[in-house]
Structure formats: C-alpha cells, structure tokens
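Text of the file final-v9.cif, holding mmCIF, C-alpha atoms and all ligand atoms:
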data_data
#
loop_
_atom_site.group_PDB
_atom_site.id
_atom_site.type_symbol
_atom_site.label_atom_id
_atom_site.label_comp_id
_atom_site.auth_asym_id
_atom_site.auth_seq_id
_atom_site.Cartn_x
_atom_site.Cartn_y
_atom_site.Cartn_z
ATOM 1 C CA MET A 8 140.982 149.225 67.094
ATOM 2 C CA PHE A 9 144.010 148.638 69.347
ATOM 3 C CA ARG A 10 147.500 149.601 68.355
ATOM 4 C CA PRO A 11 150.273 148.483 70.733
ATOM 5 C CA ASP A 12 152.912 151.090 71.448
ATOM 6 C CA ASN A 13 155.798 151.088 73.927
ATOM 7 C CA ASN A 14 156.556 154.822 73.883
ATOM 8 C CA PRO A 15 154.423 156.634 76.444
ATOM 9 C CA PRO A 16 152.977 159.991 75.319
ATOM 10 C CA GLU A 17 152.575 163.060 77.569
ATOM 11 C CA PRO A 18 149.682 162.820 80.079
ATOM 12 C CA SER A 19 146.375 163.930 78.591
ATOM 13 C CA THR A 20 142.729 164.217 79.572
ATOM 14 C CA ASP A 21 141.509 161.758 76.931
ATOM 15 C CA GLU A 22 143.460 158.854 78.409
ATOM 16 C CA LEU A 23 141.763 155.523 78.904
ATOM 17 C CA LEU A 24 142.714 153.444 81.914
ATOM 18 C CA ILE A 25 142.546 149.810 82.903
ATOM 19 C CA VAL A 26 142.741 149.592 86.671
ATOM 20 C CA PHE A 27 143.984 146.784 88.898
ATOM 21 C CA GLN A 28 144.130 146.512 92.655
ATOM 22 C CA LYS A 29 146.167 143.752 94.337
ATOM 23 C CA GLY A 30 146.222 141.810 91.067
ATOM 24 C CA GLU A 31 142.461 142.055 90.517
ATOM 25 C CA LEU A 32 140.827 143.825 87.612
ATOM 26 C CA LEU A 33 138.309 146.554 88.388
ATOM 27 C CA SER A 34 135.176 146.621 86.242
ATOM 28 C CA ASP A 35 132.668 149.448 86.169
ATOM 29 C CA MET A 36 129.305 147.694 86.122
ATOM 30 C CA ARG A 37 127.609 150.867 84.842
ATOM 31 C CA SER A 38 129.772 150.923 81.723
ATOM 32 C CA ARG A 39 129.319 148.788 78.628
ATOM 33 C CA GLU A 40 133.081 148.541 78.264
ATOM 34 C CA LEU A 41 133.397 147.354 81.879
ATOM 35 C CA CYS A 42 137.158 147.597 82.412
ATOM 36 C CA LEU A 43 137.968 150.574 80.201
ATOM 37 C CA MET A 44 137.747 153.744 82.329
ATOM 38 C CA GLN A 45 138.009 157.413 81.523
ATOM 39 C CA ARG A 46 140.780 159.586 82.979
ATOM 40 C CA ARG A 47 138.252 161.915 84.623
ATOM 41 C CA GLN A 48 136.452 159.062 86.309
ATOM 42 C CA VAL A 49 139.679 157.798 87.868
ATOM 43 C CA ASP A 50 140.742 161.320 88.908
ATOM 44 C CA ASP A 51 137.385 161.877 90.615
ATOM 45 C CA SER A 52 137.637 158.597 92.497
ATOM 46 C CA GLY A 53 140.657 159.753 94.505
ATOM 47 C CA TRP A 54 142.407 156.374 94.077
ATOM 48 C CA ARG A 55 146.156 156.489 94.595
ATOM 49 C CA GLU A 56 148.351 155.234 91.822
ATOM 50 C CA VAL A 57 151.103 152.751 92.744
ATOM 51 C CA ARG A 58 152.454 152.058 89.251
ATOM 52 C CA ARG A 59 151.447 152.502 85.659
ATOM 53 C CA GLN A 60 152.458 151.289 82.222
ATOM 54 C CA PHE A 61 151.581 152.564 78.812
ATOM 55 C CA LEU A 62 149.787 149.984 76.648
ATOM 56 C CA GLY A 63 149.202 151.703 73.313
ATOM 57 C CA TYR A 64 146.208 153.278 71.589
ATOM 58 C CA TRP A 65 142.606 152.152 71.798
ATOM 59 C CA GLN A 66 140.617 153.821 69.026
ATOM 60 C CA GLU A 67 143.523 156.272 68.799
ATOM 61 C CA ARG A 68 143.224 157.278 72.463
ATOM 62 C CA PRO A 69 146.236 156.614 74.724
ATOM 63 C CA CYS A 70 145.592 153.713 77.052
ATOM 64 C CA TRP A 71 147.382 152.906 80.301
ATOM 65 C CA VAL A 72 147.201 150.238 82.942
ATOM 66 C CA LEU A 73 147.193 151.466 86.543
ATOM 67 C CA GLU A 74 147.685 149.666 89.773
ATOM 68 C CA ILE A 75 146.015 151.496 92.643
ATOM 69 C CA ASP A 76 146.856 151.404 96.328
ATOM 70 C CA GLU A 77 145.525 148.408 98.201
ATOM 71 C CA VAL A 78 143.963 150.631 100.869
ATOM 72 C CA ASP A 79 141.707 152.416 98.349
ATOM 73 C CA GLU A 80 138.080 151.313 98.495
ATOM 74 C CA PRO A 81 136.289 151.336 95.128
ATOM 75 C CA ASP A 82 132.514 151.571 95.662
ATOM 76 C CA PRO A 83 131.264 147.950 95.624
ATOM 77 C CA MET A 84 127.902 149.164 94.264
ATOM 78 C CA GLN A 85 129.639 150.272 91.089
ATOM 79 C CA PHE A 86 132.884 148.344 90.757
ATOM 80 C CA GLN A 87 133.393 144.627 90.576
ATOM 81 C CA LYS A 88 136.804 143.140 91.333
ATOM 82 C CA GLY A 89 138.004 139.834 89.993
ATOM 83 C CA ASN A 90 140.299 138.028 87.633
ATOM 84 C CA LEU A 91 140.068 138.337 83.874
ATOM 85 C CA TYR A 92 137.544 135.492 83.596
ATOM 86 C CA HIS A 93 134.948 138.000 84.798
ATOM 87 C CA ILE A 94 135.063 139.871 81.506
ATOM 88 C CA LEU A 95 135.794 136.968 79.137
ATOM 89 C CA GLY A 96 132.887 136.743 76.699
ATOM 90 C CA ARG A 97 131.302 139.886 78.167
ATOM 91 C CA VAL A 98 133.461 142.395 76.296
ATOM 92 C CA ASP A 99 134.744 142.603 72.738
ATOM 93 C CA GLU A 100 137.534 140.093 71.978
ATOM 94 C CA ARG A 101 140.009 142.888 71.292
ATOM 95 C CA LEU A 102 139.200 144.607 74.557
ATOM 96 C CA PHE A 103 139.715 141.309 76.366
ATOM 97 C CA ALA A 104 143.118 140.970 74.691
ATOM 98 C CA LEU A 105 143.978 144.510 75.783
ATOM 99 C CA ALA A 106 143.002 143.772 79.397
ATOM 100 C CA GLY A 107 145.156 140.647 79.141
ATOM 101 C CA ARG A 108 148.081 142.723 77.928
ATOM 102 C CA ALA A 109 147.515 145.104 80.849
ATOM 103 C CA ALA A 110 147.500 142.300 83.417
ATOM 104 C CA GLN A 111 150.609 140.650 81.988
ATOM 105 C CA LEU A 112 152.683 143.834 81.851
ATOM 106 C CA LEU A 113 151.723 144.826 85.382
ATOM 107 C CA ASP A 114 152.552 141.355 86.742
ATOM 108 C CA TRP A 115 155.831 141.303 84.857
ATOM 109 C CA GLU A 116 156.945 144.658 86.304
ATOM 110 C CA ARG A 117 155.929 143.593 89.823
ATOM 111 C CA ASP A 118 157.827 140.290 89.505
ATOM 112 C CA HIS A 119 161.037 141.837 88.162
ATOM 113 C CA GLN A 120 161.763 144.454 90.797
ATOM 114 C CA PHE A 121 165.077 142.767 91.572
ATOM 115 C CA CYS A 122 167.667 141.201 89.323
ATOM 116 C CA GLY A 123 167.622 137.395 89.276
ATOM 117 C CA ARG A 124 171.345 137.309 88.544
ATOM 118 C CA CYS A 125 172.918 139.783 91.002
ATOM 119 C CA GLY A 126 170.029 140.767 93.271
ATOM 120 C CA GLU A 127 170.188 144.529 92.663
ATOM 121 C CA ARG A 128 167.069 146.615 92.086
ATOM 122 C CA MET A 129 165.995 146.723 88.429
ATOM 123 C CA GLU A 130 164.731 149.758 86.573
ATOM 124 C CA VAL A 131 162.039 150.201 83.968
ATOM 125 C CA ASP A 132 163.590 150.998 80.615
ATOM 126 C CA ILE A 133 161.606 153.723 78.913
ATOM 127 C CA GLN A 134 163.275 153.235 75.515
ATOM 128 C CA GLU A 135 161.908 149.731 75.067
ATOM 129 C CA ARG A 136 159.624 147.491 77.077
ATOM 130 C CA ALA A 137 162.236 146.048 79.414
ATOM 131 C CA MET A 138 163.446 145.865 83.000
ATOM 132 C CA ARG A 139 167.165 146.508 83.276
ATOM 133 C CA CYS A 140 169.770 145.876 85.942
ATOM 134 C CA GLY A 141 172.367 148.671 85.981
ATOM 135 C CA PRO A 142 175.252 146.811 87.718
ATOM 136 C CA CYS A 143 175.208 143.534 85.732
ATOM 137 C CA ARG A 144 173.258 144.676 82.665
ATOM 138 C CA THR A 145 170.720 141.874 82.774
ATOM 139 C CA ILE A 146 167.639 142.677 80.704
ATOM 140 C CA ASN A 147 164.210 141.148 81.199
ATOM 141 C CA TYR A 148 161.466 141.361 78.611
ATOM 142 C CA PRO A 149 157.819 140.467 79.213
ATOM 143 C CA ARG A 150 157.586 136.700 78.962
ATOM 144 C CA ILE A 151 155.010 134.821 76.946
ATOM 145 C CA ALA A 152 154.568 131.059 77.205
ATOM 146 C CA PRO A 153 153.655 129.435 73.863
ATOM 147 C CA CYS A 154 151.261 126.493 73.997
ATOM 148 C CA VAL A 155 149.692 124.265 71.401
ATOM 149 C CA ILE A 156 145.989 123.549 71.555
ATOM 150 C CA VAL A 157 144.667 120.850 69.278
ATOM 151 C CA LEU A 158 141.407 119.316 68.188
ATOM 152 C CA VAL A 159 142.011 115.712 67.107
ATOM 153 C CA THR A 160 139.467 114.677 64.470
ATOM 154 C CA ARG A 161 138.396 111.379 62.837
ATOM 155 C CA GLY A 162 136.001 112.327 60.077
ATOM 156 C CA GLU A 163 133.087 114.042 61.781
ATOM 157 C CA GLU A 164 134.178 112.834 65.203
ATOM 158 C CA MET A 165 136.179 114.904 67.673
ATOM 159 C CA LEU A 166 138.391 113.650 70.476
ATOM 160 C CA LEU A 167 137.560 115.687 73.574
ATOM 161 C CA ALA A 168 138.953 115.245 77.064
ATOM 162 C CA ARG A 169 137.900 116.187 80.568
ATOM 163 C CA ASN A 170 140.693 117.635 82.684
ATOM 164 C CA ALA A 171 141.074 115.676 85.923
ATOM 165 C CA ASN A 172 141.472 118.873 87.948
ATOM 166 C CA PHE A 173 138.672 120.840 86.364
ATOM 167 C CA PRO A 174 135.661 121.244 88.666
ATOM 168 C CA GLN A 175 133.038 121.201 85.890
ATOM 169 C CA PRO A 176 132.219 118.160 83.727
ATOM 170 C CA MET A 177 133.456 119.998 80.650
ATOM 171 C CA TYR A 178 135.137 118.291 77.698
ATOM 172 C CA SER A 179 137.678 120.237 75.709
ATOM 173 C CA THR A 180 140.541 120.072 73.234
ATOM 174 C CA LEU A 181 144.040 118.967 74.279
ATOM 175 C CA ALA A 182 146.726 121.504 75.124
ATOM 176 C CA GLY A 183 150.274 121.711 76.358
ATOM 177 C CA PHE A 184 153.248 123.998 76.794
ATOM 178 C CA ILE A 185 156.027 124.009 74.241
ATOM 179 C CA GLU A 186 159.170 122.746 75.959
ATOM 180 C CA ALA A 187 162.606 124.304 75.560
ATOM 181 C CA GLY A 188 164.187 123.029 72.345
ATOM 182 C CA GLU A 189 160.937 121.689 70.885
ATOM 183 C CA ASN A 190 159.146 122.880 67.782
ATOM 184 C CA VAL A 191 155.381 123.296 67.589
ATOM 185 C CA GLU A 192 154.766 120.060 65.648
ATOM 186 C CA GLU A 193 156.818 117.981 68.092
ATOM 187 C CA THR A 194 154.945 119.435 71.061
ATOM 188 C CA LEU A 195 151.616 118.708 69.437
ATOM 189 C CA ARG A 196 152.354 115.047 68.680
ATOM 190 C CA ARG A 197 153.950 114.502 72.092
ATOM 191 C CA GLU A 198 151.065 116.073 74.010
ATOM 192 C CA VAL A 199 148.408 114.114 72.137
ATOM 193 C CA LYS A 200 150.325 110.866 72.699
ATOM 194 C CA GLU A 201 150.962 111.586 76.396
ATOM 195 C CA GLU A 202 147.451 112.755 77.224
ATOM 196 C CA VAL A 203 145.266 110.321 75.290
ATOM 197 C CA GLY A 204 147.636 107.780 73.702
ATOM 198 C CA VAL A 205 146.711 108.280 70.056
ATOM 199 C CA ASP A 206 148.769 109.209 66.990
ATOM 200 C CA VAL A 207 147.975 112.052 64.634
ATOM 201 C CA GLY A 208 148.973 112.649 61.009
ATOM 202 C CA GLU A 209 148.308 115.794 59.095
ATOM 203 C CA LEU A 210 148.203 119.011 61.106
ATOM 204 C CA ARG A 211 146.349 122.112 60.027
ATOM 205 C CA TYR A 212 146.954 125.484 61.649
ATOM 206 C CA PHE A 213 143.768 127.274 62.733
ATOM 207 C CA GLN A 214 144.528 130.523 64.578
ATOM 208 C CA SER A 215 146.040 131.795 67.807
ATOM 209 C CA GLN A 216 144.793 133.499 70.940
ATOM 210 C CA SER A 217 146.540 135.382 73.697
ATOM 211 C CA TRP A 218 145.400 133.687 76.901
ATOM 212 C CA PRO A 219 146.378 135.714 79.976
ATOM 213 C CA PHE A 220 145.983 132.953 82.594
ATOM 214 C CA PRO A 221 148.704 133.919 83.286
ATOM 215 C CA ASN A 222 150.691 134.456 80.070
ATOM 216 C CA GLN A 223 150.049 131.856 77.390
ATOM 217 C CA LEU A 224 149.922 132.266 73.648
ATOM 218 C CA MET A 225 147.658 129.481 72.397
ATOM 219 C CA LEU A 226 148.482 128.188 68.909
ATOM 220 C CA GLY A 227 145.419 126.357 67.635
ATOM 221 C CA PHE A 228 145.554 123.315 65.316
ATOM 222 C CA PHE A 229 143.404 120.596 63.856
ATOM 223 C CA ALA A 230 145.083 117.178 63.748
ATOM 224 C CA GLU A 231 143.880 114.067 61.926
ATOM 225 C CA TYR A 232 143.754 110.844 63.899
ATOM 226 C CA THR A 233 145.841 108.062 62.384
ATOM 227 C CA GLY A 234 145.866 105.286 64.983
ATOM 228 C CA GLY A 235 145.876 104.011 68.563
ATOM 229 C CA ASP A 236 143.243 103.471 71.256
ATOM 230 C CA ILE A 237 142.407 106.140 73.799
ATOM 231 C CA VAL A 238 144.525 105.664 76.916
ATOM 232 C CA CYS A 239 144.246 108.614 79.290
ATOM 233 C CA ASP A 240 147.090 110.132 81.261
ATOM 234 C CA GLU A 241 145.961 109.292 84.794
ATOM 235 C CA VAL A 242 147.179 112.518 86.358
ATOM 236 C CA GLU A 243 145.929 115.062 83.840
ATOM 237 C CA ILE A 244 142.957 113.516 82.067
ATOM 238 C CA GLY A 245 139.796 112.365 83.841
ATOM 239 C CA ASP A 246 138.184 110.984 80.690
ATOM 240 C CA ALA A 247 138.470 111.247 76.905
ATOM 241 C CA GLN A 248 136.013 110.136 74.226
ATOM 242 C CA TRP A 249 135.060 110.559 70.595
ATOM 243 C CA PHE A 250 132.063 112.856 70.125
ATOM 244 C CA ARG A 251 129.843 113.847 67.222
ATOM 245 C CA ALA A 252 128.093 117.191 66.779
ATOM 246 C CA GLY A 253 124.766 115.625 67.779
ATOM 247 C CA ASP A 254 125.898 114.208 71.131
ATOM 248 C CA LEU A 255 128.230 116.844 72.534
ATOM 249 C CA PRO A 256 128.945 117.126 76.266
ATOM 250 C CA MET A 257 129.504 120.522 77.900
ATOM 251 C CA ILE A 258 132.151 122.282 75.809
ATOM 252 C CA PRO A 259 134.133 125.530 76.269
ATOM 253 C CA PRO A 260 132.500 128.822 75.272
ATOM 254 C CA GLU A 261 133.085 130.442 71.916
ATOM 255 C CA SER A 262 135.227 133.129 73.562
ATOM 256 C CA SER A 263 138.040 130.572 73.912
ATOM 257 C CA ILE A 264 140.041 129.101 71.056
ATOM 258 C CA ALA A 265 139.055 125.611 72.265
ATOM 259 C CA GLY A 266 135.401 126.519 71.778
ATOM 260 C CA GLN A 267 136.169 127.962 68.348
ATOM 261 C CA LEU A 268 138.084 124.859 67.196
ATOM 262 C CA ILE A 269 135.131 122.626 68.078
ATOM 263 C CA ARG A 270 132.512 124.890 66.460
ATOM 264 C CA THR A 271 134.605 125.362 63.335
ATOM 265 C CA HIS A 272 135.014 121.599 62.881
ATOM 266 C CA ILE A 273 131.267 121.042 63.278
ATOM 267 C CA GLN A 274 130.487 123.698 60.678
ATOM 268 C CA SER A 275 133.036 122.315 58.231
ATOM 269 C CA THR A 276 131.563 118.780 58.369
ATOM 270 C CA ARG A 277 127.903 119.793 57.996
HETATM 271 ZN ZN ZN B 1 171.903 142.329 88.017
#

Could you rewrite the structure in this file as structure tokens?
Ligand SMILES: [Zn+2]
Amino acid sequence: MFRPDNNPPEPSTDELLIVFQKGELLSDMRSRELCLMQRRQVDDSGWREVRRQFLGYWQERPCWVLEIDEVDEPDPMQFQKGNLYHILGRVDERLFALAGRAAQLLDWERDHQFCGRCGERMEVDIQERAMRCGPCRTINYPRIAPCVIVLVTRGEEMLLARNANFPQPMYSTLAGFIEAGENVEETLRREVKEEVGVDVGELRYFQSQSWPFPNQLMLGFFAEYTGGDIVCDEVEIGDAQWFRAGDLPMIPPESSIAGQLIRTHIQSTR
C-alpha cells in the first residue's frame, strides 16, 4: 500500500499531500482518509508552500509532505489541526505510519538547517535522504530512536505499570530507550529492573511499531518473570501491579503496540 522512495518524481496532478502548519498536522474532516489530501484540493486552497519532501508512493500515487506558511488560514469548519494523536486509531495503521514518516522528515529538515560541527548552512541532498554541509562535509540522516517495549508475564498474569507523569489512570507495558553501546536484550533487562525491580528470563520478540512521538521505533517483546518483588522507580512509575484478563485497569488502545502486547497475551492464555 505504501512504498517508501527517496527519489522525487516530476510534479504531477495525481499527487497526494500530507500537510503541516507550524508542526501541526492538518486533517480534512470531510474526508475518510483525514490527512491524505489531493493535489487539486491543496492548489485550490491557495496555501503557500514553505518546504516539501517526497515520501514515496501510496497506492502507486506519489505522496509528498508539505509545510504551509504560518499565516495561511485553513477553514476551521473543514480542517482540524493537531498532533498525530488526533488520527491515531482513526485511520488505517499504514496511513498513520505514513503521516508519522511525514512528520519526522519535516522536523528533521527544519532542525538541520545549520551544521552542528561548523555552523554553516546545510543543504538537502537530492541523491539520498540527507542534509549535507558543503564546507566540512558533515552529513545528517533522519534519526530514529530505538526503544524496547515489554510485557512481563507470570503465567496468565501481566505486570502493568502506571506512568507517574501520565494524566490518566492508565496501566501499560514497560518501555525504555536503548542506550549507546547497549544491545536490545540488555536494555530490556535493565529497564525492567530499574522501573519495577523484577528479573526476567526468556524473551520473545513480538513485533515493532514506528512511533512518531517524536521519532521512536518501538521493539515489542514478551518477557517471562523469574524473580523479585515489585519495587517501583519513584520518579517514573506511579504504581505497578500484576493483573489478570478478568480484572484489567484502563489499558492502552489496540492502535499502540502496548495495547497489542496485552491483548495478544490474553488471547494466548485463554
Ligand atoms: Zn559543517
């Protein structure tokens, strides 16, 4: 359905566009695809383009991300502005991933206008997806931050934790960034130990999800509990408990990998 491509084709009338303004995604509330707009629609709107990047092909049609001028005024009766959470779970998973790609590439270009090494202006490389500094030859590629996300299990039971900074009383899986020099397994065991104090044995890879808040790649695992009492990290974790399918608290939606880990475990133990 979506095929990434870094080589922009010639402009054409069948282009599809994902539009951002001041970092916010524009959604057309009259369209089922919300954030995926037609070339003609954008032309008719009179919005001024600030920058654009080619994303690839959506159902074999060329797809671009556009940033429009901050003084343009999309009709609030038709267009909703917001972050990507607005479309999570409301559009197809692949379309959400495409909008995430769009947001990340636009942010990356905006944040690499100048070279971090010598301070000169950088240029977009059209041969590959990169920002290049002419004078010192520094190259920047779009950056993705890998994270592990893990559901710790003990038979039917699941260890779920409430984030201390999260406004809702939602319980979820544990997650953490992979540190420089660490492998995935080390991160997983360290994070589980730091956040809730328990040890895990066998790990089983589940699946991954691009998570554009702002640029994570979530690597999902199941991990079997082997020992230790729950002791929460006081800064990060408000509470952590063992739960069974029958007595679940509020959990993340199925559109997130956390929600999928929990639902998959429940199904597998039925
Ligand atoms: Zn430089």

Using the chain letters and numbering of this document, enumerate as a PDB file with C-alpha atoms, in the frame of the given file the residues selected by the PyMOL selection byres (((not hetatm)) within 12 of (chain B and resi 1)).
ATOM      1  CA  HIS A 119     161.037 141.837  88.162  1.00  0.00           C
ATOM      2  CA  GLN A 120     161.763 144.454  90.797  1.00  0.00           C
ATOM      3  CA  PHE A 121     165.077 142.767  91.572  1.00  0.00           C
ATOM      4  CA  CYS A 122     167.667 141.201  89.323  1.00  0.00           C
ATOM      5  CA  GLY A 123     167.622 137.395  89.276  1.00  0.00           C
ATOM      6  CA  ARG A 124     171.345 137.309  88.544  1.00  0.00           C
ATOM      7  CA  CYS A 125     172.918 139.783  91.002  1.00  0.00           C
ATOM      8  CA  GLY A 126     170.029 140.767  93.271  1.00  0.00           C
ATOM      9  CA  GLU A 127     170.188 144.529  92.663  1.00  0.00           C
ATOM     10  CA  ARG A 128     167.069 146.615  92.086  1.00  0.00           C
ATOM     11  CA  MET A 129     165.995 146.723  88.429  1.00  0.00           C
ATOM     12  CA  GLU A 130     164.731 149.758  86.573  1.00  0.00           C
ATOM     13  CA  MET A 138     163.446 145.865  83.000  1.00  0.00           C
ATOM     14  CA  ARG A 139     167.165 146.508  83.276  1.00  0.00           C
ATOM     15  CA  CYS A 140     169.770 145.876  85.942  1.00  0.00           C
ATOM     16  CA  GLY A 141     172.367 148.671  85.981  1.00  0.00           C
ATOM     17  CA  PRO A 142     175.252 146.811  87.718  1.00  0.00           C
ATOM     18  CA  CYS A 143     175.208 143.534  85.732  1.00  0.00           C
ATOM     19  CA  ARG A 144     173.258 144.676  82.665  1.00  0.00           C
ATOM     20  CA  THR A 145     170.720 141.874  82.774  1.00  0.00           C
ATOM     21  CA  ILE A 146     167.639 142.677  80.704  1.00  0.00           C
ATOM     22  CA  ASN A 147     164.210 141.148  81.199  1.00  0.00           C
TER      23      ASN A 147
END

Neighbours of A:Phe228 within 10 Å (all atoms listed in the file; same-chain residues fewer than 5 positions away dropped), as a PyMOL selection string? chain A and resi 155-159+180+192+195+210-215+264-265+268

Writing out the chosen residues with C-alpha atoms as a PDB file, in the frame of the given file:
ATOM      1  CA  VAL A 155     149.692 124.265  71.401  1.00  0.00           C
ATOM      2  CA  ILE A 156     145.989 123.549  71.555  1.00  0.00           C
ATOM      3  CA  VAL A 157     144.667 120.850  69.278  1.00  0.00           C
ATOM      4  CA  LEU A 158     141.407 119.316  68.188  1.00  0.00           C
ATOM      5  CA  VAL A 159     142.011 115.712  67.107  1.00  0.00           C
ATOM      6  CA  THR A 180     140.541 120.072  73.234  1.00  0.00           C
ATOM      7  CA  GLU A 192     154.766 120.060  65.648  1.00  0.00           C
ATOM      8  CA  LEU A 195     151.616 118.708  69.437  1.00  0.00           C
ATOM      9  CA  LEU A 210     148.203 119.011  61.106  1.00  0.00           C
ATOM     10  CA  ARG A 211     146.349 122.112  60.027  1.00  0.00           C
ATOM     11  CA  TYR A 212     146.954 125.484  61.649  1.00  0.00           C
ATOM     12  CA  PHE A 213     143.768 127.274  62.733  1.00  0.00           C
ATOM     13  CA  GLN A 214     144.528 130.523  64.578  1.00  0.00           C
ATOM     14  CA  SER A 215     146.040 131.795  67.807  1.00  0.00           C
ATOM     15  CA  ILE A 264     140.041 129.101  71.056  1.00  0.00           C
ATOM     16  CA  ALA A 265     139.055 125.611  72.265  1.00  0.00           C
ATOM     17  CA  LEU A 268     138.084 124.859  67.196  1.00  0.00           C
TER      18      LEU A 268
END

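Residues matched by the PyMOL selection byres (((chain A and resi 163-174) around 6) and not hetatm) in this file are Val159, Thr160, Arg161, Gly162, Gln175, Met177, Tyr178, Ser179, Thr180, Glu243, Ile244, Gly245, Asp246, Ala247, Gln248, Trp249, Phe250 and Arg251 of chain A.
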
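With all atoms listed in the file as the atoms that count, the minimum distance from A:Leu105 to the choices A:Val78, A:Cys239, A:Cys70, A:Ile273 is reached by A:Cys70.
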
Report as a ChimeraX atom specification the full result of the PyMOL selection byres (((chain A and resi 35) around 12) and not hetatm) when it is applied to this structure. /A:24-27,32-34,36-45,48-49,81-89,93-94

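Interatomic distance, atom CA of A:Leu181 to atom CA of A:Gly227: 10.0 Å.
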
Separating atom CA of A:Trp54 from atom CA of A:Ser19, to the nearest tenth of an Å, is a gap of 17.7 Å

Would you work out the distance separating atom CA of A:Pro176 from atom CA of A:Tyr232, expressed in Å to one decimal? 24.1 Å

Using only C-alpha atoms, which residues sit within 10 Å of A:Phe9 once same-chain residues fewer than 5 positions away are excluded, as number ranges by chain? A: 62-70, 101-102, 104-105

Calculated over only C-alpha atoms, which of the candidates A:Pro15, A:Gly30, A:Gly183, A:Gly188 has the smallest distance to A:Met225?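 Comparing A:Pro15, A:Gly30, A:Gly183, A:Gly188 against A:Met225, the winner is A:Gly183.
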
Nearest to A:Glu189, restricted to only C-alpha atoms and choosing among A:Pro221, A:Ser263, A:Glu209, A:Pro153, comes out as A:Pro153

Would you list the contacts of A:Cys154 as a ChimeraX atom specification, taking every protein, DNA or RNA residue within 9 Å and counting only C-alpha atoms, but skipping same-chain residues closer than 2 positions in sequence? /A:152,156,182-186,191,194,223-227

If you count all atoms listed in the file, which residues fall within 9 Å of A:Leu113, apart from same-chain ones fewer than 3 positions away, as a PDB file with C-alpha atoms, keeping the file's coordinate frame?
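Wrote it out as around33.pdb, contents follow:
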ATOM      1  CA  PHE A  27     143.984 146.784  88.898  1.00  0.00           C
ATOM      2  CA  GLY A  30     146.222 141.810  91.067  1.00  0.00           C
ATOM      3  CA  ARG A  58     152.454 152.058  89.251  1.00  0.00           C
ATOM      4  CA  ARG A  59     151.447 152.502  85.659  1.00  0.00           C
ATOM      5  CA  GLN A  60     152.458 151.289  82.222  1.00  0.00           C
ATOM      6  CA  VAL A  72     147.201 150.238  82.942  1.00  0.00           C
ATOM      7  CA  LEU A  73     147.193 151.466  86.543  1.00  0.00           C
ATOM      8  CA  GLU A  74     147.685 149.666  89.773  1.00  0.00           C
ATOM      9  CA  ARG A 108     148.081 142.723  77.928  1.00  0.00           C
ATOM     10  CA  ALA A 109     147.515 145.104  80.849  1.00  0.00           C
ATOM     11  CA  ALA A 110     147.500 142.300  83.417  1.00  0.00           C
ATOM     12  CA  GLU A 116     156.945 144.658  86.304  1.00  0.00           C
ATOM     13  CA  ARG A 117     155.929 143.593  89.823  1.00  0.00           C
ATOM     14  CA  ASP A 118     157.827 140.290  89.505  1.00  0.00           C
TER      15      ASP A 118
END

Pick the closest to A:Gln111 from A:Glu80, A:Glu31, A:Asp99, A:Glu135: which is it, counting all atoms listed in the file? A:Glu31

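Among the candidate residues A:Asn90, A:Ile151, A:Gly235, A:Pro260, the one lying nearest to A:Leu112 is A:Ile151, with distances computed using only C-alpha atoms.
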
Using the file's own x, y and z axes, so that the box edges lie along x, y and z, what centre and edge lengths in Å (one decimal) does a box around every listed atom of stretch 63-72 of chain A get when 5 Å is added on each side? Give it as JSON.
{"center_x": 144.9, "center_y": 153.8, "center_z": 75.9, "size_x": 18.6, "size_y": 17.0, "size_z": 24.1}

Residue list as a VMD selection string for point (144.6, 153.6, 96.6), cut-off 7 Å, all atoms listed in the file: chain A and resid 54 to 56 75 to 79

Write out the residues from the selection above, keeping C-alpha atoms, as an mmCIF file, in the coordinates of the input.
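As written to disk, selection-v2.cif reads:
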data_model
loop_
_atom_site.group_PDB
_atom_site.id
_atom_site.type_symbol
_atom_site.label_atom_id
_atom_site.label_comp_id
_atom_site.auth_asym_id
_atom_site.auth_seq_id
_atom_site.Cartn_x
_atom_site.Cartn_y
_atom_site.Cartn_z
ATOM 1 C CA TRP A 54 142.407 156.374 94.077
ATOM 2 C CA ARG A 55 146.156 156.489 94.595
ATOM 3 C CA GLU A 56 148.351 155.234 91.822
ATOM 4 C CA ILE A 75 146.015 151.496 92.643
ATOM 5 C CA ASP A 76 146.856 151.404 96.328
ATOM 6 C CA GLU A 77 145.525 148.408 98.201
ATOM 7 C CA VAL A 78 143.963 150.631 100.869
ATOM 8 C CA ASP A 79 141.707 152.416 98.349
#

Choose the residue, out of A:Glu17, A:Pro219, A:Val203, A:Asp236, that has the smallest atom-to-atom separation from A:Arg150; count all atoms listed in the file.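 Residue with the minimum atom-to-atom distance to A:Arg150: A:Pro219.
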